[in-house]
Protein chains: 2
Amino acid sequence: MIGVNEGPPANARRRPATLHDVARAAGVSYATASRALNGSDRTVRAENVARVHAAAAQLGYSPHLSAQAIARGSTSTAALVVSDVDDPYFSSIAAGVTEAAEAAGLIVTMAIADRSPDLELQIVRSLRGQRPRAIVIAGSRIAGTETRAELIDELTAYRTAGGRVALISQHDLPFDTLCIDNHGGARRLALALAEQGHRTFAVIHGSDSIRTSHDRRAGFLDGLRQAGLTVDPRYSIEVPFTRDGGAAGARALLARGVEEVDVAFAVNDTMAIGAMTVFRDAGLTPGADIGVAGFDDIGSAVDVVPALTTVRIPLRELGQAAMRVALADDAAGIVQIPTEVVLRDSTPLRPRPGRS
Amino acid sequence: MIGVNEGPPANARRRPATLHDVARAAGVSYATASRALNGSDRTVRAENVARVHAAAAQLGYSPHLSAQAIARGSTSTAALVVSDVDDPYFSSIAAGVTEAAEAAGLIVTMAIADRSPDLELQIVRSLRGQRPRAIVIAGSRIAGTETRAELIDELTAYRTAGGRVALISQHDLPFDTLCIDNHGGARRLALALAEQGHRTFAVIHGSDSIRTSHDRRAGFLDGLRQAGLTVDPRYSIEVPFTRDGGAAGARALLARGVEEVDVAFAVNDTMAIGAMTVFRDAGLTPGADIGVAGFDDIGSAVDVVPALTTVRIPLRELGQAAMRVALADDAAGIVQIPTEVVLRDSTPLRPRPGRS
DNA sequence: TTGAAAGCGGTACCAG
DNA sequence: CTGGTACCGCTTTCAA
């Protein structure tokens with residue numbers, strides 16, 4: 001068939017076939033082979049196309065993407081930065097981002113910033129070298145970080161060079177941003193709970209320097225205020241923004257006496273779930289003795305018992321939207337992602353009897 | 001300072017700075033700039049190094065990784081293929097893989113095969129063009145897939161060209177593979193449950209064409225056999241290998257009558273959790289009226305109520321090990337990843353009273 | 001220690 | 001429609 005019979009034994013470690021090899025094997029010129037294989041406008045005789053493809057298959061040719069990138073001046077890569085894939089919040093977003101990227105024919109490069117602004121900056125720097133078509137960053141920006149300015153510089157340089165960036169939930173940076181309506185969602189949650197008759201609340205939250213935590217807490221308090229209610233400062237507990245933080249918050253709450261509390265609102269679902277476990281271990285039945293609510297609606301929110309009342313964020317869609325915004329030609333500015341209150345069994349329909 | 005003052009307005013869309021620009025700005029030659037910035041052996045006068053670095057910073061220079069890759073003949077990328085990131089099993093693995101890759105200074109490219117062997121093949125093909133240093137594939141291979149041979153071809157070509165591959169849990173392919181001890185883990189689980197006094201079991205499993213499901217079921221039956229027990233075929237239920245599949249399995253079980261069943265073993269945790277929810281909705285208390293056990297020990301296994309008895313796989317470590325194996329110089333063959341039975345509250349310490 | 005220049009694998013323009 | 005060839009951005013001999 002095709003004349004390829006020189007070379008070392010079949011399974012030796014061998015330099016991958018180049019376009020040159022393919023062209024020679026097919027008996028056509030370099031340029032023709034290129035056109036037949038990856039050319040945009042096909043002006044190659046059918047017979048030659050066939051020969052080239054046959055040769056390529058025979059040789060196991062795979063176009064060198066880096067070489068293409070350099071020759072074409074653009075890559076087929078998009079980059080994603082998350083704080084931690086092994087967290088349902090981020091993994092759902094990552095799934096969405098990846099879907100949208102693959103739909104656009106892009107390979108996605110993922111980096112994990114491990115909740116460290118320093119690492120995040122370093123990652124963006126190194127990612128920039130890849131010349132991805134877009135960079136999507138999902139993470140909980142920490143207020144007043146020193147690296148903020150440097151991150152902005154880096155992203156600005158990237159964008160100036162033609163790159164596109166989209167941020168998830170880091171409002172205050174000058175780039176297209178998808179904002180979750182943390183404040184509004186938490187506010188509506190508070191109103192819904194007040195409507196159910198709950199009167200006494202605890203808030204288990206992270207540091208106010210974590211914007212997300214701050215906004216959710218503020219929104220919740222706002223909602224309560226709207227309903228003519230407040231939270232006793234004793235019941236406002238700051239802990240790490242994690243499952244174990246939520247558990248610690250619940251323990252702190254127990255120590256301060258929890259008889260009065262109708263509902264403990266934890267600013268994210270994993271914290272709420274951690275808290276629920278602690279309450280249960282202390283002999284309380286969540287949803288009966290004490291209500292618990294979270295935020296995010298991660299997958300397992302429906303699998304815990306009782307199912308968790310929360311504020312739903314369409315995480316996967318959010319990820320998709322982020323990549324689409326990044327890839328779009330025109331700037332999107334701030335895109336608000338709506339949230340939705342989901343009342344489940346972890347907050348009883350009525351507060352415990354004997355209350356006002 | 002450094003003489004850069006031609007060019008369009010500052011924030012226009014501008015071609016990213018090249019090494020050439022940097023060299024000119026620093027007043028040194030192209031080669032010197034290269035050496036100062038990314039050269040391995042530094043034989044550049046300190047003063048020039050400083051000038052070059054200053055110019056690079058000034059210009060926001062970022063080395064073009066594709067160009068480096070092509071010039072050096074090797075990339076700084078590793079690739080990961082998973083079935084679905086938005087699944088705690090895979091996201092934990094992905095976290096581990098990424099950790100190990102970043103530790104090795106590699107950027108990771110992640111693709112999602114969506115549990116489709118076709119897509120998986122297509123992904124590997126396209127990934128090969130990236131010339132990653134290693135490809136790690138985590139997915140549940142489906143027996144007798146037509147694409148199997150093509151996948152082997154593709155990976156073989158990749159490896160022949162100097163690439164390294166590691167597979168997670170797809171025993172029968174001729175590449176380094178990390179195998180989870182599914183059979184052994186399930187067997188030991190069965191023995192442990194038998195030891196607790198349980199006698200009647202149900203198995204909720206996926207299609208036998210899913211290797212993982214098959215092995216776990218077989219192992220479980222083996223363990224029971226060792227304990228002189230069997231599973232009534234009526235209680236062996238085939239459903240999709242997903243959470244909803246588990247739920248469906250539980251419903252089927254309820255329809256067949258569940259009074260006799262001491263423990264329902266679902267071949268993975270998400271299935272078990274789905275089943276547990278169905279049992280509860282049917283008025284049964286998991287862990288009291290019926291035992292439930294799973295496999296994997298995903299993060300939420302401890303947060304469901306009752307906490308789930310399962311077989312623990314060190315998922316994150318598994319991911320790390322996979323990348324390390326892939327990156328290592330010498331072939332590892334088959335690496336067995338041990339599993340560990342974890343008895344929790346979802347399987348009561350003793351079977352219900354009134355049983356033998 | 002430095003500069004010039006030959007690649008690396010492809011793309012795309014320009015004549016034939 | 002096809003072949004020749006000038007790049008793309010960077011690394012790395014090879015001389016100077």
# chains A, B, ... in the order shown; residues from 1 in each chain; ligands from 1
$ calpha_fit_and_write --fixed "chain B" --moving "chain A" --output "CSV table (one decimal) with C-alpha atoms, in the first residue's frame"
chain,number,residue,atom,x,y,z
A,1,MET,CA,14.8,53.0,33.0
A,2,ILE,CA,14.4,50.6,30.2
A,3,GLY,CA,13.8,52.0,26.8
A,4,VAL,CA,10.3,51.0,25.8
A,5,ASN,CA,8.3,53.9,24.6
A,6,GLU,CA,7.0,53.3,21.2
A,7,GLY,CA,3.7,51.5,20.6
A,8,PRO,CA,0.0,52.2,20.8
A,9,PRO,CA,-2.0,53.4,23.8
A,10,ALA,CA,-1.5,51.3,26.9
A,11,ASN,CA,-4.8,49.4,27.1
A,12,ALA,CA,-5.2,48.6,23.4
A,13,ARG,CA,-5.4,45.0,22.4
A,14,ARG,CA,-1.8,44.2,21.8
A,15,ARG,CA,0.2,41.2,20.7
A,16,PRO,CA,1.7,39.7,23.8
A,17,ALA,CA,5.4,40.5,24.4
A,18,THR,CA,7.8,38.0,22.9
A,19,LEU,CA,11.3,37.1,23.9
A,20,HIS,CA,12.4,39.3,21.1
A,21,ASP,CA,10.8,42.3,22.6
A,22,VAL,CA,12.3,41.6,25.9
A,23,ALA,CA,15.7,41.2,24.5
A,24,ARG,CA,15.5,44.4,22.6
A,25,ALA,CA,14.2,46.3,25.6
A,26,ALA,CA,17.0,44.9,27.8
A,27,GLY,CA,19.6,45.6,25.1
A,28,VAL,CA,20.8,42.1,25.0
A,29,SER,CA,20.7,39.4,22.4
A,30,TYR,CA,17.8,37.1,21.9
A,31,ALA,CA,19.8,34.1,23.1
A,32,THR,CA,20.9,35.9,26.3
A,33,ALA,CA,17.4,36.8,27.1
A,34,SER,CA,16.3,33.2,26.7
A,35,ARG,CA,19.1,32.1,29.0
A,36,ALA,CA,18.4,34.7,31.6
A,37,LEU,CA,14.7,33.8,31.7
A,38,ASN,CA,14.3,30.1,31.2
A,39,GLY,CA,17.8,28.7,30.6
A,40,SER,CA,18.8,25.7,32.5
A,41,ASP,CA,22.4,26.4,33.2
A,42,ARG,CA,22.8,30.1,34.0
A,43,THR,CA,25.9,31.5,32.4
A,44,VAL,CA,24.7,35.0,32.2
A,45,ARG,CA,26.2,38.0,33.9
A,46,ALA,CA,24.2,39.1,36.9
A,47,GLU,CA,23.7,42.5,35.6
A,48,ASN,CA,22.2,41.3,32.4
A,49,VAL,CA,20.0,38.8,34.2
A,50,ALA,CA,18.6,41.8,36.1
A,51,ARG,CA,18.1,43.9,33.0
A,52,VAL,CA,16.3,41.1,31.3
A,53,HIS,CA,14.1,40.3,34.2
A,54,ALA,CA,13.2,44.0,34.6
A,55,ALA,CA,12.3,44.2,30.9
A,56,ALA,CA,10.2,41.1,31.1
A,57,ALA,CA,8.3,42.4,34.1
A,58,GLN,CA,7.9,45.8,32.5
A,59,LEU,CA,6.5,44.2,29.3
A,60,GLY,CA,4.4,41.6,31.1
A,61,TYR,CA,6.2,38.9,29.3
A,62,SER,CA,5.1,35.4,29.7
A,63,PRO,CA,7.0,32.6,27.9
A,64,HIS,CA,4.9,30.9,25.3
A,65,LEU,CA,4.6,27.4,26.6
A,66,SER,CA,3.7,26.0,23.2
A,67,ALA,CA,6.8,27.5,21.7
A,68,GLN,CA,8.9,26.2,24.5
A,69,ALA,CA,7.3,22.8,24.1
A,70,ILE,CA,8.1,22.7,20.4
A,71,ALA,CA,11.6,23.9,20.8
A,72,ARG,CA,12.4,21.7,23.8
A,73,GLY,CA,10.6,18.7,22.4
A,74,SER,CA,8.6,18.2,25.5
A,75,THR,CA,5.7,19.8,27.3
A,76,SER,CA,4.9,20.5,30.9
A,77,THR,CA,1.4,19.0,30.7
A,78,ALA,CA,-0.2,15.9,32.1
A,79,ALA,CA,-3.7,14.8,31.1
A,80,LEU,CA,-6.5,13.3,33.2
A,81,VAL,CA,-9.6,11.6,31.9
A,82,VAL,CA,-12.5,11.0,34.2
A,83,SER,CA,-16.0,9.9,33.7
A,84,ASP,CA,-17.7,12.7,35.6
A,85,VAL,CA,-16.0,15.2,37.9
A,86,ASP,CA,-19.3,16.0,39.6
A,87,ASP,CA,-19.2,12.6,41.3
A,88,PRO,CA,-17.4,12.4,44.7
A,89,TYR,CA,-15.6,9.3,43.6
A,90,PHE,CA,-14.0,10.9,40.6
A,91,SER,CA,-13.5,14.3,42.1
A,92,SER,CA,-11.5,12.9,44.9
A,93,ILE,CA,-9.3,11.0,42.4
A,94,ALA,CA,-9.0,14.2,40.3
A,95,ALA,CA,-7.9,16.1,43.4
A,96,GLY,CA,-5.1,13.6,44.0
A,97,VAL,CA,-4.0,13.4,40.4
A,98,THR,CA,-3.8,17.2,40.3
A,99,GLU,CA,-1.9,17.4,43.5
A,100,ALA,CA,0.7,15.0,42.3
A,101,ALA,CA,1.0,16.7,38.9
A,102,GLU,CA,1.4,20.1,40.3
A,103,ALA,CA,4.0,18.7,42.7
A,104,ALA,CA,5.9,17.6,39.6
A,105,GLY,CA,5.5,21.0,38.0
A,106,LEU,CA,3.0,20.0,35.5
A,107,ILE,CA,-0.2,21.6,34.4
A,108,VAL,CA,-3.1,19.3,34.2
A,109,THR,CA,-5.5,19.0,31.4
A,110,MET,CA,-8.8,17.4,32.4
A,111,ALA,CA,-11.4,15.9,30.1
A,112,ILE,CA,-14.7,14.3,31.0
A,113,ALA,CA,-15.7,11.2,29.2
A,114,ASP,CA,-19.3,11.2,30.5
A,115,ARG,CA,-19.1,7.4,30.9
A,116,SER,CA,-19.0,6.9,27.2
A,117,PRO,CA,-16.3,4.7,25.8
A,118,ASP,CA,-16.7,6.4,22.4
A,119,LEU,CA,-16.1,9.8,23.9
A,120,GLU,CA,-13.2,8.4,25.9
A,121,LEU,CA,-11.5,7.2,22.8
A,122,GLN,CA,-12.1,10.5,21.1
A,123,ILE,CA,-10.7,12.3,24.0
A,124,VAL,CA,-7.6,10.3,24.2
A,125,ARG,CA,-7.1,10.8,20.5
A,126,SER,CA,-7.3,14.6,20.9
A,127,LEU,CA,-5.3,14.6,24.1
A,128,ARG,CA,-2.5,12.8,22.3
A,129,GLY,CA,-2.0,15.9,20.2
A,130,GLN,CA,-1.1,17.8,23.3
A,131,ARG,CA,1.9,15.6,23.8
A,132,PRO,CA,1.3,15.4,27.5
A,133,ARG,CA,4.0,13.8,29.6
A,134,ALA,CA,1.4,11.4,31.0
A,135,ILE,CA,-2.2,10.4,30.6
A,136,VAL,CA,-4.1,9.1,33.5
A,137,ILE,CA,-7.5,7.5,32.8
A,138,ALA,CA,-10.0,6.9,35.6
A,139,GLY,CA,-13.2,5.4,34.5
A,140,SER,CA,-15.2,2.3,34.8
A,141,ARG,CA,-14.3,0.3,31.8
A,142,ILE,CA,-17.1,-1.5,30.2
A,143,ALA,CA,-16.5,-5.1,29.2
A,144,GLY,CA,-16.6,-6.0,25.6
A,145,THR,CA,-16.7,-2.5,24.3
A,146,GLU,CA,-15.9,-2.3,20.6
A,147,THR,CA,-13.7,0.7,21.2
A,148,ARG,CA,-11.4,-1.3,23.4
A,149,ALA,CA,-9.0,-2.3,20.6
A,150,GLU,CA,-8.9,1.2,19.2
A,151,LEU,CA,-8.2,2.6,22.7
A,152,ILE,CA,-5.4,0.2,23.1
A,153,ASP,CA,-4.0,1.2,19.7
A,154,GLU,CA,-4.2,4.9,20.5
A,155,LEU,CA,-2.6,4.5,23.9
A,156,THR,CA,0.1,2.2,22.5
A,157,ALA,CA,0.9,4.8,19.8
A,158,TYR,CA,1.1,7.4,22.5
A,159,ARG,CA,3.4,5.3,24.6
A,160,THR,CA,5.6,4.4,21.7
A,161,ALA,CA,6.1,8.0,21.1
A,162,GLY,CA,7.4,8.3,24.6
A,163,GLY,CA,4.2,9.0,26.5
A,164,ARG,CA,3.4,7.4,29.8
A,165,VAL,CA,0.0,6.1,30.8
A,166,ALA,CA,-1.6,4.9,33.9
A,167,LEU,CA,-5.1,3.5,34.3
A,168,ILE,CA,-7.3,3.4,37.3
A,169,SER,CA,-9.4,0.4,37.7
A,170,GLN,CA,-9.4,-1.0,34.2
A,171,HIS,CA,-7.5,-4.2,34.8
A,172,ASP,CA,-7.5,-5.8,31.5
A,173,LEU,CA,-5.6,-3.2,29.4
A,174,PRO,CA,-1.9,-3.7,28.8
A,175,PHE,CA,-0.8,-0.6,30.7
A,176,ASP,CA,0.3,0.3,34.2
A,177,THR,CA,-2.9,0.0,36.2
A,178,LEU,CA,-3.9,0.8,39.7
A,179,CYS,CA,-6.4,-1.7,40.7
A,180,ILE,CA,-8.8,-1.3,43.6
A,181,ASP,CA,-9.2,-4.5,45.5
A,182,ASN,CA,-12.9,-4.6,44.7
A,183,HIS,CA,-13.3,-8.3,45.1
A,184,GLY,CA,-11.3,-8.6,48.3
A,185,GLY,CA,-12.9,-5.6,49.9
A,186,ALA,CA,-16.4,-6.8,49.2
A,187,ARG,CA,-15.5,-10.3,50.4
A,188,ARG,CA,-14.2,-9.0,53.7
A,189,LEU,CA,-17.3,-6.8,54.0
A,190,ALA,CA,-19.5,-9.9,53.6
A,191,LEU,CA,-17.5,-11.8,56.2
A,192,ALA,CA,-17.7,-8.9,58.6
A,193,LEU,CA,-21.4,-8.6,58.2
A,194,ALA,CA,-21.8,-12.4,58.6
A,195,GLU,CA,-19.7,-12.2,61.8
A,196,GLN,CA,-22.1,-9.6,63.1
A,197,GLY,CA,-24.8,-12.2,62.8
A,198,HIS,CA,-26.5,-11.1,59.6
A,199,ARG,CA,-27.9,-13.9,57.6
A,200,THR,CA,-30.1,-12.7,54.8
A,201,PHE,CA,-28.6,-10.3,52.2
A,202,ALA,CA,-29.7,-8.4,49.2
A,203,VAL,CA,-27.3,-7.1,46.6
A,204,ILE,CA,-28.1,-4.0,44.5
A,205,HIS,CA,-25.7,-3.9,41.7
A,206,GLY,CA,-25.1,-2.6,38.2
A,207,SER,CA,-24.7,-4.5,35.0
A,208,ASP,CA,-22.0,-7.2,35.0
A,209,SER,CA,-20.5,-5.5,32.0
A,210,ILE,CA,-19.3,-2.9,34.4
A,211,ARG,CA,-16.3,-4.5,35.7
A,212,THR,CA,-16.3,-2.8,39.1
A,213,SER,CA,-19.9,-3.7,39.8
A,214,HIS,CA,-19.2,-7.3,38.7
A,215,ASP,CA,-16.2,-7.7,40.9
A,216,ARG,CA,-17.8,-6.2,44.0
A,217,ARG,CA,-20.8,-8.4,43.7
A,218,ALA,CA,-18.7,-11.5,43.0
A,219,GLY,CA,-16.5,-10.7,46.0
A,220,PHE,CA,-19.5,-10.2,48.2
A,221,LEU,CA,-21.0,-13.5,47.2
A,222,ASP,CA,-17.6,-15.2,47.7
A,223,GLY,CA,-17.4,-13.8,51.2
A,224,LEU,CA,-20.9,-15.0,52.0
A,225,ARG,CA,-20.1,-18.4,50.6
A,226,GLN,CA,-17.1,-18.5,52.9
A,227,ALA,CA,-19.4,-17.9,55.7
A,228,GLY,CA,-21.7,-20.6,54.5
A,229,LEU,CA,-24.3,-18.2,53.2
A,230,THR,CA,-25.9,-17.3,49.9
A,231,VAL,CA,-28.1,-14.7,48.3
A,232,ASP,CA,-31.5,-15.5,47.2
A,233,PRO,CA,-31.6,-14.6,43.4
A,234,ARG,CA,-34.8,-12.7,44.2
A,235,TYR,CA,-32.7,-10.4,46.2
A,236,SER,CA,-30.1,-9.8,43.6
A,237,ILE,CA,-31.2,-6.7,41.7
A,238,GLU,CA,-29.6,-5.1,38.7
A,239,VAL,CA,-30.0,-1.4,38.3
A,240,PRO,CA,-28.1,1.5,36.8
A,241,PHE,CA,-24.7,2.1,38.6
A,242,THR,CA,-25.9,5.5,40.0
A,243,ARG,CA,-27.7,7.0,42.9
A,244,ASP,CA,-31.0,6.8,41.2
A,245,GLY,CA,-30.2,3.2,40.3
A,246,GLY,CA,-29.7,2.5,43.9
A,247,ALA,CA,-33.0,4.1,44.7
A,248,ALA,CA,-34.7,2.0,42.1
A,249,GLY,CA,-33.1,-1.1,43.5
A,250,ALA,CA,-34.5,-0.4,46.9
A,251,ARG,CA,-37.9,0.1,45.5
A,252,ALA,CA,-37.7,-3.2,43.7
A,253,LEU,CA,-36.6,-4.8,46.9
A,254,LEU,CA,-39.5,-3.4,48.8
A,255,ALA,CA,-41.8,-4.7,46.1
A,256,ARG,CA,-40.4,-8.2,46.6
A,257,GLY,CA,-40.8,-8.0,50.4
A,258,VAL,CA,-37.9,-6.9,52.5
A,259,GLU,CA,-38.9,-8.4,55.9
A,260,GLU,CA,-36.4,-11.1,55.6
A,261,VAL,CA,-33.5,-9.0,54.6
A,262,ASP,CA,-30.9,-8.2,57.2
A,263,VAL,CA,-28.6,-6.1,55.0
A,264,ALA,CA,-28.8,-4.7,51.5
A,265,PHE,CA,-25.4,-4.2,50.0
A,266,ALA,CA,-25.2,-1.7,47.2
A,267,VAL,CA,-22.1,-1.9,45.1
A,268,ASN,CA,-21.2,1.8,45.6
A,269,ASP,CA,-22.0,4.4,48.2
A,270,THR,CA,-24.1,6.7,46.1
A,271,MET,CA,-26.3,3.7,45.2
A,272,ALA,CA,-26.5,2.8,48.9
A,273,ILE,CA,-27.4,6.4,49.8
A,274,GLY,CA,-30.1,6.4,47.2
A,275,ALA,CA,-31.4,3.1,48.6
A,276,MET,CA,-31.4,4.4,52.1
A,277,THR,CA,-33.5,7.3,51.2
A,278,VAL,CA,-36.1,5.1,49.6
A,279,PHE,CA,-36.2,2.7,52.6
A,280,ARG,CA,-36.7,5.6,54.9
A,281,ASP,CA,-39.5,7.1,52.8
A,282,ALA,CA,-41.1,3.7,52.9
A,283,GLY,CA,-41.2,3.9,56.7
A,284,LEU,CA,-38.2,1.7,57.4
A,285,THR,CA,-35.4,3.0,59.6
A,286,PRO,CA,-32.1,2.1,57.9
A,287,GLY,CA,-29.7,0.6,60.4
A,288,ALA,CA,-32.6,-0.7,62.5
A,289,ASP,CA,-35.2,-2.2,60.3
A,290,ILE,CA,-32.8,-2.9,57.5
A,291,GLY,CA,-29.1,-2.7,57.2
A,292,VAL,CA,-27.5,-0.9,54.3
A,293,ALA,CA,-23.9,-1.1,53.1
A,294,GLY,CA,-22.0,0.5,50.3
A,295,PHE,CA,-18.5,0.7,48.8
A,296,ASP,CA,-16.1,3.6,48.2
A,297,ASP,CA,-16.4,5.6,51.4
A,298,ILE,CA,-17.1,8.9,49.7
A,299,GLY,CA,-17.0,12.0,51.9
A,300,SER,CA,-20.7,12.1,52.6
A,301,ALA,CA,-20.8,8.5,53.8
A,302,VAL,CA,-20.3,9.8,57.3
A,303,ASP,CA,-22.9,12.5,57.0
A,304,VAL,CA,-25.9,10.5,56.1
A,305,VAL,CA,-27.9,9.0,58.9
A,306,PRO,CA,-27.2,6.5,59.9
A,307,ALA,CA,-23.5,6.7,58.9
A,308,LEU,CA,-22.9,4.3,56.1
A,309,THR,CA,-21.1,1.0,56.5
A,310,THR,CA,-18.8,0.7,53.5
A,311,VAL,CA,-15.5,-0.3,52.1
A,312,ARG,CA,-13.0,2.4,52.1
A,313,ILE,CA,-10.9,3.3,49.1
A,314,PRO,CA,-8.2,5.9,49.7
A,315,LEU,CA,-9.4,7.9,46.7
A,316,ARG,CA,-7.2,10.9,46.9
A,317,GLU,CA,-4.1,8.8,47.5
A,318,LEU,CA,-5.1,6.6,44.6
A,319,GLY,CA,-5.2,9.7,42.4
A,320,GLN,CA,-1.8,10.7,43.6
A,321,ALA,CA,-0.4,7.3,43.1
A,322,ALA,CA,-1.7,7.1,39.6
A,323,MET,CA,0.0,10.2,38.5
A,324,ARG,CA,3.2,9.2,40.2
A,325,VAL,CA,3.1,5.8,38.6
A,326,ALA,CA,2.6,7.4,35.2
A,327,LEU,CA,5.4,9.8,35.7
A,328,ALA,CA,7.9,7.2,37.0
A,329,ASP,CA,10.5,5.9,34.7
A,330,ASP,CA,9.9,2.3,35.2
A,331,ALA,CA,6.8,0.4,34.4
A,332,ALA,CA,4.8,-0.5,37.5
A,333,GLY,CA,2.5,-3.2,36.0
A,334,ILE,CA,-0.5,-3.8,38.2
A,335,VAL,CA,-0.6,-1.9,41.5
A,336,GLN,CA,-3.1,-3.2,44.0
A,337,ILE,CA,-4.8,-0.5,46.1
A,338,PRO,CA,-5.9,-2.0,49.4
A,339,THR,CA,-9.4,-1.4,50.7
A,340,GLU,CA,-10.7,-1.4,54.2
A,341,VAL,CA,-14.0,-2.4,55.7
A,342,VAL,CA,-15.6,0.4,57.7
A,343,LEU,CA,-18.5,-0.7,59.9
A,344,ARG,CA,-20.8,2.1,60.8
A,345,ASP,CA,-24.3,2.5,62.1
A,346,SER,CA,-26.1,1.6,58.9
A,347,THR,CA,-25.5,-2.0,59.7
A,348,PRO,CA,-26.6,-2.7,63.3
A,349,LEU,CA,-24.3,-4.6,65.5
A,350,ARG,CA,-26.8,-7.4,65.8
A,351,PRO,CA,-29.5,-8.4,63.4
A,352,ARG,CA,-33.1,-7.7,64.4
A,353,PRO,CA,-34.3,-9.8,67.3
A,354,GLY,CA,-36.3,-12.8,66.6
A,355,ARG,CA,-33.9,-14.0,63.9
A,356,SER,CA,-31.7,-17.1,64.1
$ interface_residues --of "chain C" --to "chain A" --cutoff "12 Å" --atoms "only C-alpha atoms (C1' of nucleotides)" --output "compact mmCIF listing (two decimals) with N, CA and C atoms (P, O5', C5', C4', C3', O3' and C1' of nucleotides), in the first residue's frame"
# COMPACT_ATOMS: atom_id res chain seq x y z
P DC C 8 14.68 19.60 13.31
O5' DC C 8 13.52 19.90 14.35
C5' DC C 8 13.76 19.87 15.76
C4' DC C 8 12.47 20.25 16.45
C3' DC C 8 11.25 19.90 15.59
O3' DC C 8 10.48 18.89 16.23
C1' DC C 8 11.17 22.19 16.38
P DG C 9 9.86 17.74 15.32
O5' DG C 9 8.44 18.38 14.95
C5' DG C 9 7.46 18.49 15.98
C4' DG C 9 6.26 19.22 15.43
C3' DG C 9 5.69 18.63 14.15
O3' DG C 9 4.27 18.62 14.25
C1' DG C 9 6.22 20.88 13.80
P DG C 10 3.37 17.97 13.13
O5' DG C 10 2.46 19.20 12.70
C5' DG C 10 3.06 20.36 12.35
C4' DG C 10 2.14 21.54 12.56
C3' DG C 10 1.21 21.75 11.37
O3' DG C 10 -0.03 22.37 11.75
C1' DG C 10 2.94 23.41 11.44
P DT C 11 -1.18 22.58 10.73
O5' DT C 11 -0.90 24.09 10.30
C5' DT C 11 -0.99 25.11 11.29
C4' DT C 11 -0.92 26.47 10.63
C3' DT C 11 -1.89 26.70 9.48
O3' DT C 11 -2.35 28.05 9.61
C1' DT C 11 0.32 27.04 8.73
P DA C 12 -3.60 28.55 8.79
O5' DA C 12 -2.86 29.43 7.68
C5' DA C 12 -1.99 30.47 8.12
C4' DA C 12 -1.37 31.11 6.88
C3' DA C 12 -2.35 31.24 5.71
O3' DA C 12 -2.01 32.41 4.99
C1' DA C 12 -0.55 29.92 5.05
P DC C 13 -3.13 33.19 4.22
O5' DC C 13 -2.22 34.18 3.35
C5' DC C 13 -0.99 34.64 3.92
C4' DC C 13 0.11 34.61 2.88
C3' DC C 13 -0.35 35.00 1.47
O3' DC C 13 0.57 35.92 0.91
C1' DC C 13 0.74 32.92 1.40
$ select_by_dssp --residues "range 18-261 of chain A" --states "alpha helix (DSSP H)" --output "VMD selection string"
chain A and resid 19 to 26 30 to 38 46 to 59 65 to 72 88 to 103 117 to 128 147 to 160 182 to 195 211 to 226 243 to 256
$ interface_residues --of "chain D" --to "chain B" --cutoff "7 Å" --atoms "only C-alpha atoms (C1' of nucleotides)" --output "PyMOL selection string"
chain D and resi 9-11
$ atom_distance --atom1 "C1' of DA6 in chain C" --atom2 "C1' of DT5 in chain D"
15.7 Å
$ select_by_dssp --residues "range 208-289 of chain B" --states "strand (DSSP E or B)" --output "PyMOL selection string"
chain B and resi 210+236-238+263-266+286
$ residues_around --residues "DA16 in chain D" --least-positions-apart "3" --cutoff "12 Å" --atoms "only C-alpha atoms (C1' of nucleotides)" --output "PyMOL selection string"
chain C and resi 1-4
